[in-house]
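Here the structure is laid out as structure tokens; the discussion comes afterwards.
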Amino acid sequence: MAGETAHSARFESPWRSPSVLVIFASTLITVMGVSLISPALPAIQTAWGISAADASLLISAYTLPGVVFTPFVGLLADRVGRKWLLVPALLVFGVAGGAIVLFDSFRAILGLRVLQGVAGSAVTSLTITLIGDLFTGELRNTLIGLNAAILAIGAAGYPLLGGVLATISSAAPFACFALGIVVGLVGIGALDEPTLDRRKTGLGYVVDAVKAVPGRKVLSLYVAIFGIFVILYGAQLTAVPFVLDDRYGFSSGIIGLLLALPAVTMGLTSSQTGRLLRHVSSAQLIPLGFVVYGLGLAAIALANSVVAIAGALFLFGIGQAFAEPVTDTALNAVTPDEFRGGIMSLRTSIIRAGTTVGPPVFVGLGTAVGYTETLLGAGIVAFCLGIVAVIATMWD
């Protein structure tokens with residue numbers, strides 16, 4: 001770890017590290033995968049003459065491959081290195097995404113989205129892995145928080161950008177993916193490659209990983225990550241828009257602006273992750289995030305004005321900031337360097353699973369009992385689970 005400690009000391013200001021800048025740029029690039037395209041789906045449907053269900057496949061084709069393929073990317077990263085997988089992944093992301101503007105066949109476009117989704121999942125996994133490899137202690141925690149803040153900025157801004165670009169051309173949002181090529185080329189010279197023990201392969205690698213990694217703690221973090229993204233994609237990004245439409249009759253533009261509010265508080269709070277972890281342990285902060293999630297969801301369900309809705313969404317963003325980046329810092333802290341790629345890639349697969357499961361679960365419940373009731377029930381469950389987990393940490 002001596003090399004990593006020296007690296008951390010050398011870049012007391014993270015903005016002076018070329019590796020950090022490439023990592024943050026990579027995060028901004030991969031957030032485009034869904035958030036830039038979602039607001040353009042109606043324009044794409046009309047321009048390409050396809051059904052709404054077919055248009056939605058542009059999202060599913062991107063997210064689903066990561067559930068299956070990302071663990072293999074992580075195992076490979078632990079064997080051949082992070083940089084020499086991240087750079088090709090960025091290039092494939094940019095080429096596959098940007099090439100969509102050149103094709104008329106919807107089947108070919110879906111194939112390119114699948115390829116882009118595999119590459120995007122790899123980038124998502126490898127960026128957080130590299131932060132864990134190259135930095136230690138509070139600086140690592142701070143950088144993971146900043147990475148989450150940058151992700152939040154992209155999640156808030158890209159829907160607006162995608163909507164504007166779609167008014168120019170239905171293909172315009174896809175052209176933006178070519179920026180991945182630029183970041184990948186810069187990464188060839190700018191990224192540092194951690195020095196890891198790569199002697200073990202195959203079954204020996206798996207056996208050593210099981211022995212070295214605290215399984216119970218990692219499993220509990222995986223469960224938390226799954227819950228976080230089920231709530232984020234099922235409640236905030238799927239159920240809340242239906243509530244805003246049914247109860248207030250807001251336009252899609254107003255709904256988009258309201259959904260960007262949690263990203264504001266998440267970004268501001270996530271940037272302070274390192275400082276928060278000086279005073280509260282990750283084992284306490286993650287369940288506290290679920291408590292705040294619960295309060296936010298219940299407040300949305302019970303709100304009777306747009307001001308109250310906005311305040312509840314701000315609160316939801318604070319819960320997201322408490323929970324999401326802290327799971328990454330906790331995973332990095334308990335994972336030995338030589339197994340970090342595999343552990344973090346499984347984390348990305350679980351994220352993809354949560355994003356895939358969340359929307360249909362909340363739509364199904366919302367259709368059956370009502371979206372307001374679904375949000376209130378989810379809020380109560382999240383709040384109670386968080387309280388129980390907080391109490392459990394006090395007894396440990």
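Just remember, in the structure tokens the first chain shown is A, the second B, etc., residues are 1-based per chain, and ligands are 1-based in the order shown.
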
Check your understanding: Could you pull the residues within 12 Å of range 154-161 of chain A, counting only C-alpha atoms, minus those fewer than 2 positions along the same chain, as number ranges by chain?
Key -> A: 24-41, 147-152, 163-168, 172-174, 176-177, 232, 237, 252-267, 317

Considering only C-alpha atoms, tabulate each residue of range 73-184 of chain A that lies at most 8 Å from range 46-58 of chain A along with its nearest interatomic pair and the corresponding distance in Å to one decimal; arrange the rows by chain and ascending residue number and present them as a Markdown table.
```
| residue | atom | partner | partner_atom | distance |
| --- | --- | --- | --- | --- |
| A:Leu110 | CA | A:Leu58 | CA | 6.4 |
| A:Arg113 | CA | A:Leu58 | CA | 6.7 |
| A:Ser170 | CA | A:Ala47 | CA | 6.7 |
```

Mind dumping the selected residues with N, CA and C atoms as a PDB file, in the first residue's frame?
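Just written: result27.pdb:
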```
ATOM      1  N   LEU A 110     -30.342  -1.613 -31.581  1.00  0.00           N
ATOM      2  CA  LEU A 110     -30.435  -2.316 -30.306  1.00  0.00           C
ATOM      3  C   LEU A 110     -29.152  -3.100 -30.025  1.00  0.00           C
ATOM      4  N   ARG A 113     -26.663  -0.728 -28.738  1.00  0.00           N
ATOM      5  CA  ARG A 113     -26.972  -0.343 -27.350  1.00  0.00           C
ATOM      6  C   ARG A 113     -26.549  -1.440 -26.369  1.00  0.00           C
ATOM      7  N   SER A 170     -33.710  13.611 -33.555  1.00  0.00           N
ATOM      8  CA  SER A 170     -33.829  12.446 -32.685  1.00  0.00           C
ATOM      9  C   SER A 170     -32.518  11.702 -32.535  1.00  0.00           C
TER      10      SER A 170
END
```

Revision key, fill the gap. Of A:Glu373, A:Gly120, A:Tyr62, A:Phe314, the one nearest to Gly180 in chain A when counting only C-alpha atoms is A:Gly120

**Study point:** Surrounding residues of range 124-139 of chain A excluding itself and chain neighbours under 4 positions, 7 Å, only C-alpha atoms, as a list of chain:residue names
**Key:** A:Glu4, A:Thr5, A:His7, A:Ser8, A:Ile23, A:Thr27, A:Thr30, A:Arg82, A:Leu86, A:Gly120, A:Leu143, A:Pro194, A:Gly274, A:Asn332, A:Asp337, A:Arg340, A:Gly341, A:Met344, A:Ser345, A:Thr348

**Study point:** A:Gly311, A:Leu277, A:Gly379, A:Phe339 ranked by distance to Gly145 in chain A, top pick (using only C-alpha atoms)
**Key:**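 Looking only at the distances to Gly145 in chain A, the closest residue turns out to be A:Leu277.
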
Practice item. For Phe242 in chain A, please output as a PyMOL selection string all residues within 12 Å (counting only C-alpha atoms; exclusion window: fewer than 2 positions along the same chain). Key: chain A and resi 234-240+244-252+255-256+259+300-301+359+362-363+366-367+370-372+374-375

Point to revise | Residues within 7 Å of range 101-104 of chain A, only C-alpha atoms, excluding chain neighbours under 4 positions, as a VMD selection string | key: chain A and resid 109 171 174 to 175

Practice item. Identify, on the basis of only C-alpha atoms, every residue whose closest approach to Leu346 in chain A does not exceed 9 Å; exclude the query and any residue fewer than 2 positions from it along the same chain; express the result as a list in words. Key: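 The residues that qualify are Val67, Thr70, Pro71, Phe72, Gly74, Ser125, Tyr222, Gly341, Gly342, Ile343, Met344, Thr348, Ser349, Ile350 and Ile351 of chain A.
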